[in-house]
>>> print(open('work-v3.txt').read())   # compact mmCIF, C-alpha atoms and all ligand atoms
# COMPACT_ATOMS: atom_id res chain seq x y z
CA MET P 1 -27.84 43.18 21.82
CA GLU P 2 -27.50 39.73 20.30
CA THR P 3 -26.21 39.30 16.77
CA GLU P 4 -28.11 37.24 14.22
CA GLY P 5 -25.49 34.49 14.55
CA GLU P 6 -25.89 34.37 18.32
CA ILE P 7 -29.67 34.14 18.02
CA GLU P 8 -29.36 31.31 15.50
CA LYS P 9 -26.95 29.47 17.81
CA LYS P 10 -29.33 29.89 20.74
CA GLU P 11 -32.26 28.63 18.67
CA ALA P 12 -30.27 25.61 17.51
CA ALA P 13 -29.29 24.82 21.10
CA MET P 14 -32.92 25.12 22.21
CA ALA P 15 -34.07 22.86 19.37
CA ALA P 16 -31.41 20.26 20.27
CA GLU P 17 -32.46 20.42 23.93
CA GLU P 18 -36.10 19.96 22.94
CA GLU P 19 -35.22 16.98 20.73
CA GLU P 20 -33.20 15.40 23.55
CA LYS P 21 -36.11 15.88 25.93
CA GLU P 22 -38.51 14.26 23.47
CA GLU P 23 -36.13 11.31 23.06
CA GLU P 24 -35.86 10.92 26.84
CA GLU P 25 -39.65 11.01 27.20
CA GLU P 26 -39.98 8.48 24.42
CA ALA P 27 -37.45 6.19 26.14
CA ALA P 28 -39.31 6.52 29.45
CA VAL P 29 -42.56 5.15 28.01
CA ALA P 30 -40.99 2.60 25.68
CA GLY P 31 -41.06 -0.38 28.05
CA ASP P 32 -43.52 -2.39 25.97
CA VAL P 33 -42.30 -1.35 22.54
CA SER P 34 -42.99 -3.80 19.70
CA LEU P 35 -40.36 -5.58 17.64
CA GLN P 36 -41.72 -3.82 14.58
CA GLU P 37 -41.28 -0.40 16.18
CA LEU P 38 -37.71 -1.23 17.15
CA SER P 39 -37.08 -2.52 13.65
CA LYS P 40 -38.31 0.76 12.17
CA LYS P 41 -36.15 2.81 14.56
CA LEU P 42 -33.11 0.75 13.57
CA ASN P 43 -33.91 1.22 9.91
CA ASP P 44 -34.18 4.99 10.36
CA PHE P 45 -30.97 5.02 12.41
CA ALA P 46 -29.02 3.23 9.66
CA LYS P 47 -30.57 5.33 6.88
CA GLU P 48 -29.79 8.65 8.59
CA ARG P 49 -26.12 7.65 8.86
CA ASP P 50 -25.86 5.99 5.44
CA TRP P 51 -24.97 2.75 7.26
CA GLU P 52 -27.29 0.50 5.28
CA GLN P 53 -24.30 -0.40 3.12
CA TYR P 54 -22.66 -2.05 6.19
CA HIS P 55 -25.76 -3.83 7.44
CA SER P 56 -25.41 -7.03 5.43
CA PRO P 57 -26.68 -10.28 6.98
CA ARG P 58 -23.12 -11.48 7.65
CA ASN P 59 -21.96 -8.21 9.21
CA LEU P 60 -25.02 -8.03 11.42
CA LEU P 61 -24.60 -11.64 12.53
CA LEU P 62 -20.94 -11.01 13.43
CA ALA P 63 -21.83 -7.78 15.22
CA MET P 64 -24.47 -9.63 17.22
CA ILE P 65 -22.02 -12.40 18.18
CA ALA P 66 -19.50 -9.72 19.27
CA GLU P 67 -22.20 -8.21 21.50
CA VAL P 68 -22.97 -11.67 22.93
CA GLY P 69 -19.24 -11.75 23.82
CA GLU P 70 -19.55 -8.39 25.59
CA LEU P 71 -22.62 -9.69 27.41
CA SER P 72 -20.71 -12.80 28.49
CA GLU P 73 -17.89 -10.65 29.89
CA LEU P 74 -20.29 -9.25 32.47
CA PHE P 75 -20.87 -12.75 33.86
CA MET P 76 -17.29 -13.95 33.47
CA TRP P 77 -15.41 -15.13 36.60
CA LYS P 78 -18.30 -14.17 38.83
CA GLY P 79 -19.32 -17.66 39.90
CA GLU P 80 -23.05 -18.39 39.88
CA VAL P 81 -25.15 -15.26 39.51
CA ARG P 82 -28.33 -15.16 41.57
CA LYS P 83 -31.67 -14.46 39.89
CA GLY P 84 -32.54 -10.78 40.18
CA LEU P 85 -28.82 -9.94 40.44
CA ALA P 86 -29.09 -8.97 44.10
CA ASP P 87 -25.28 -8.67 44.39
CA TRP P 88 -24.86 -6.35 41.39
CA ASP P 89 -24.71 -2.58 41.77
CA GLU P 90 -26.87 -0.25 39.69
CA ALA P 91 -24.06 0.58 37.24
CA GLU P 92 -23.51 -3.13 36.53
CA LYS P 93 -27.24 -3.67 36.02
CA GLU P 94 -27.41 -0.71 33.66
CA HIS P 95 -24.44 -2.08 31.71
CA LEU P 96 -26.20 -5.46 31.50
CA GLY P 97 -29.29 -3.76 30.08
CA GLU P 98 -27.15 -2.09 27.43
CA GLU P 99 -25.43 -5.29 26.34
CA LEU P 100 -28.72 -7.21 26.26
CA SER P 101 -30.14 -4.41 24.14
CA ASP P 102 -27.22 -4.50 21.71
CA VAL P 103 -27.80 -8.23 21.18
CA LEU P 104 -31.54 -7.73 20.74
CA LEU P 105 -31.15 -4.76 18.39
CA TYR P 106 -28.70 -6.58 16.11
CA LEU P 107 -30.97 -9.65 16.16
CA ILE P 108 -33.97 -7.56 15.14
CA ARG P 109 -31.95 -5.78 12.44
CA LEU P 110 -30.58 -9.09 11.16
CA SER P 111 -34.08 -10.55 10.96
CA ASP P 112 -35.34 -7.48 9.13
CA ILE P 113 -32.50 -7.49 6.61
CA CYS P 114 -33.13 -11.21 6.01
CA GLY P 115 -36.83 -10.54 5.43
CA VAL P 116 -37.91 -12.51 8.51
CA ASP P 117 -40.80 -11.19 10.62
CA LEU P 118 -39.25 -12.01 13.99
CA GLY P 119 -42.43 -11.51 16.05
CA ASP P 120 -44.33 -13.87 13.78
CA ALA P 121 -41.49 -16.42 13.59
CA ALA P 122 -40.99 -16.44 17.37
CA THR P 123 -44.71 -16.83 18.04
CA ARG P 124 -44.87 -19.78 15.64
CA LYS P 125 -41.77 -21.28 17.24
CA ILE P 126 -43.32 -21.15 20.72
CA VAL P 127 -46.32 -23.08 19.36
CA LYS P 128 -43.97 -25.61 17.74
CA ASN P 129 -42.02 -25.97 21.01
CA ALA P 130 -45.25 -26.68 22.89
CA VAL P 131 -46.14 -29.47 20.46
CA LYS P 132 -42.67 -30.98 20.78
CA TYR P 133 -42.59 -30.65 24.58
CA PRO P 134 -46.18 -30.95 25.85
CA ALA P 135 -46.78 -29.88 29.46
CA PRO P 136 -47.53 -32.80 31.87
CA SER P 137 -51.03 -31.37 32.42
CA LYS P 138 -51.61 -31.75 28.66
CA GLY P 139 -50.48 -35.33 28.42
CA GLY P 140 -46.72 -34.70 28.24
CA ALA P 141 -43.97 -36.43 30.21
N1 LIG Q 201 -22.53 -0.24 12.23
C1 LIG Q 201 -23.26 -0.11 13.36
C2 LIG Q 201 -22.65 0.19 14.57
C3 LIG Q 201 -23.45 0.32 15.70
N2 LIG Q 201 -24.78 0.12 15.62
C4 LIG Q 201 -25.63 0.22 16.80
C5 LIG Q 201 -26.27 -1.10 17.18
C6 LIG Q 201 -25.80 -1.39 18.58
O1 LIG Q 201 -26.93 -1.24 19.48
C7 LIG Q 201 -24.76 -0.34 18.91
C8 LIG Q 201 -23.37 -0.92 19.00
O2 LIG Q 201 -22.48 0.14 19.13
P1 LIG Q 201 -20.92 -0.10 19.38
O3 LIG Q 201 -20.35 -0.89 18.25
O4 LIG Q 201 -20.35 1.23 19.67
O5 LIG Q 201 -20.88 -1.07 20.62
P2 LIG Q 201 -21.07 -0.74 22.18
O6 LIG Q 201 -22.20 0.22 22.36
O7 LIG Q 201 -21.18 -2.08 22.85
O8 LIG Q 201 -19.74 0.00 22.58
P3 LIG Q 201 -18.39 -0.67 23.13
O9 LIG Q 201 -18.09 -1.84 22.21
O10 LIG Q 201 -17.40 0.45 23.04
O11 LIG Q 201 -18.71 -1.13 24.52
O12 LIG Q 201 -24.85 0.65 17.90
C9 LIG Q 201 -25.36 -0.16 14.41
O13 LIG Q 201 -26.58 -0.30 14.32
N3 LIG Q 201 -24.59 -0.29 13.29
>>> encode(input="work-v3.txt", output="C-alpha cells")
Amino acid sequence: METEGEIEKKEAAMAAEEEEKEEEEEAAVAGDVSLQELSKKLNDFAKERDWEQYHSPRNLLLAMIAEVGELSELFMWKGEVRKGLADWDEAEKEHLGEELSDVLLYLIRLSDICGVDLGDAATRKIVKNAVKYPAPSKGGA
C-alpha cells in the first residue's frame, strides 16, 4: 500500500507531466503567435522568477547583442550560406531557430520595457520605408 507521501509525489509528478504536455501542445500550435502574446509570456516568465529587477533597458539591449553574437557564430567561417540552408543538418537548423528566438525575445522584451508597441512601430516603419523607397511600378526608381 502506498503511503500518503508516495501518493502526493505521484500526483505531483502527474501534474508536472500534464503541464509539460500542455506546454508542448501550446508550442506546436504557436507558429503564428503575435508579438503581444510573446510579450505577455516574457512578462510572466520574468515575474515568476523575480527577474524584472534585471530587465532594465540597458541589460536587455546588451543581452540581445550577446545573442546576436551567438547567432553570428553559427554563420562564422562557413563561407556563403545558401538560402534554405540545404547544407545544414537538423541539429544546426534547430540551433539557428533557438538563437534567432533569443534575439527576437530580447527585442520584444526590450520594446515592452521601453513602452514601445513593436507591432505598431514596425508596421508604421514599413509604410515609411515604402514612401522613402517607392517600388518602380509606383513611380519609384
Ligand atoms: N535574465 C534572463 C536570462 C534569460 N532570459 C531568457 C531570454 C532568452 O530567450 C534566454 C537566454 O538564456 P541564456 O542566457 O541561458 O542563453 P542561451 O539560451 O543562449 O544559452 P547559452 O548562452 O548557454 O547558449 O532566456 C531572460 O529572459 N532573462
>>> residues_near_point(input="work-v3.txt", point="(-31.4, -9.8, 23.7)", cutoff="12 Å", atoms="only C-alpha atoms", output="MDAnalysis selection string")
chainID P and resid 35 64:65 67:68 71 96:109
>>> atom_distance(input="work-v3.txt", atom1="CA of Ala13 (chain P)", atom2="CA of Asp44 (chain P)")
23.1 Å
>>> axis_aligned_box(input="work-v3.txt", around="ligand LIG 201 (chain Q)", padding_each_side="3 Å", output="AutoDock Vina command-line options")
--center_x -22.2 --center_y -0.4 --center_z 18.4 --size_x 15.5 --size_y 9.3 --size_z 18.3
>>> closest_residue(input="work-v3.txt", among="P:Glu37, P:Glu70, P:Glu4, P:Glu11", to="ligand LIG 201 (chain Q)", atoms="all atoms listed in the file")
P:Glu70
>>> closest_residue(input="work-v3.txt", among="P:Val116, P:Val33, P:Leu110, P:Ala86", to="ligand LIG 201 (chain Q)", atoms="all atoms listed in the file")
P:Leu110
>>> closest_residue(input="work-v3.txt", among="P:Asp117, P:Leu62, P:Glu17, P:Arg82", to="ligand LIG 201 (chain Q)", atoms="all atoms listed in the file")
P:Leu62
>>> atom_distance(input="work-v3.txt", atom1="atom O12 of ligand LIG 201 (chain Q)", atom2="CA of Leu42 (chain P)")
9.3 Å
>>> atom_distance(input="work-v3.txt", atom1="CA of Gly139 (chain P)", atom2="CA of Val127 (chain P)")
15.8 Å
>>> closest_residue(input="work-v3.txt", among="P:Glu2, P:Glu48, P:Asp32, P:Glu20", to="ligand LIG 201 (chain Q)", atoms="all atoms listed in the file")
P:Glu48
>>> closest_residue(input="work-v3.txt", among="P:Lys10, P:Ser39, P:Tyr54, P:Lys21", to="ligand LIG 201 (chain Q)", atoms="only C-alpha atoms and all ligand atoms")
P:Tyr54
>>> closest_residue(input="work-v3.txt", among="P:Lys138, P:Lys47, P:His55, P:Lys9", to="ligand LIG 201 (chain Q)", atoms="only C-alpha atoms and all ligand atoms")
P:His55
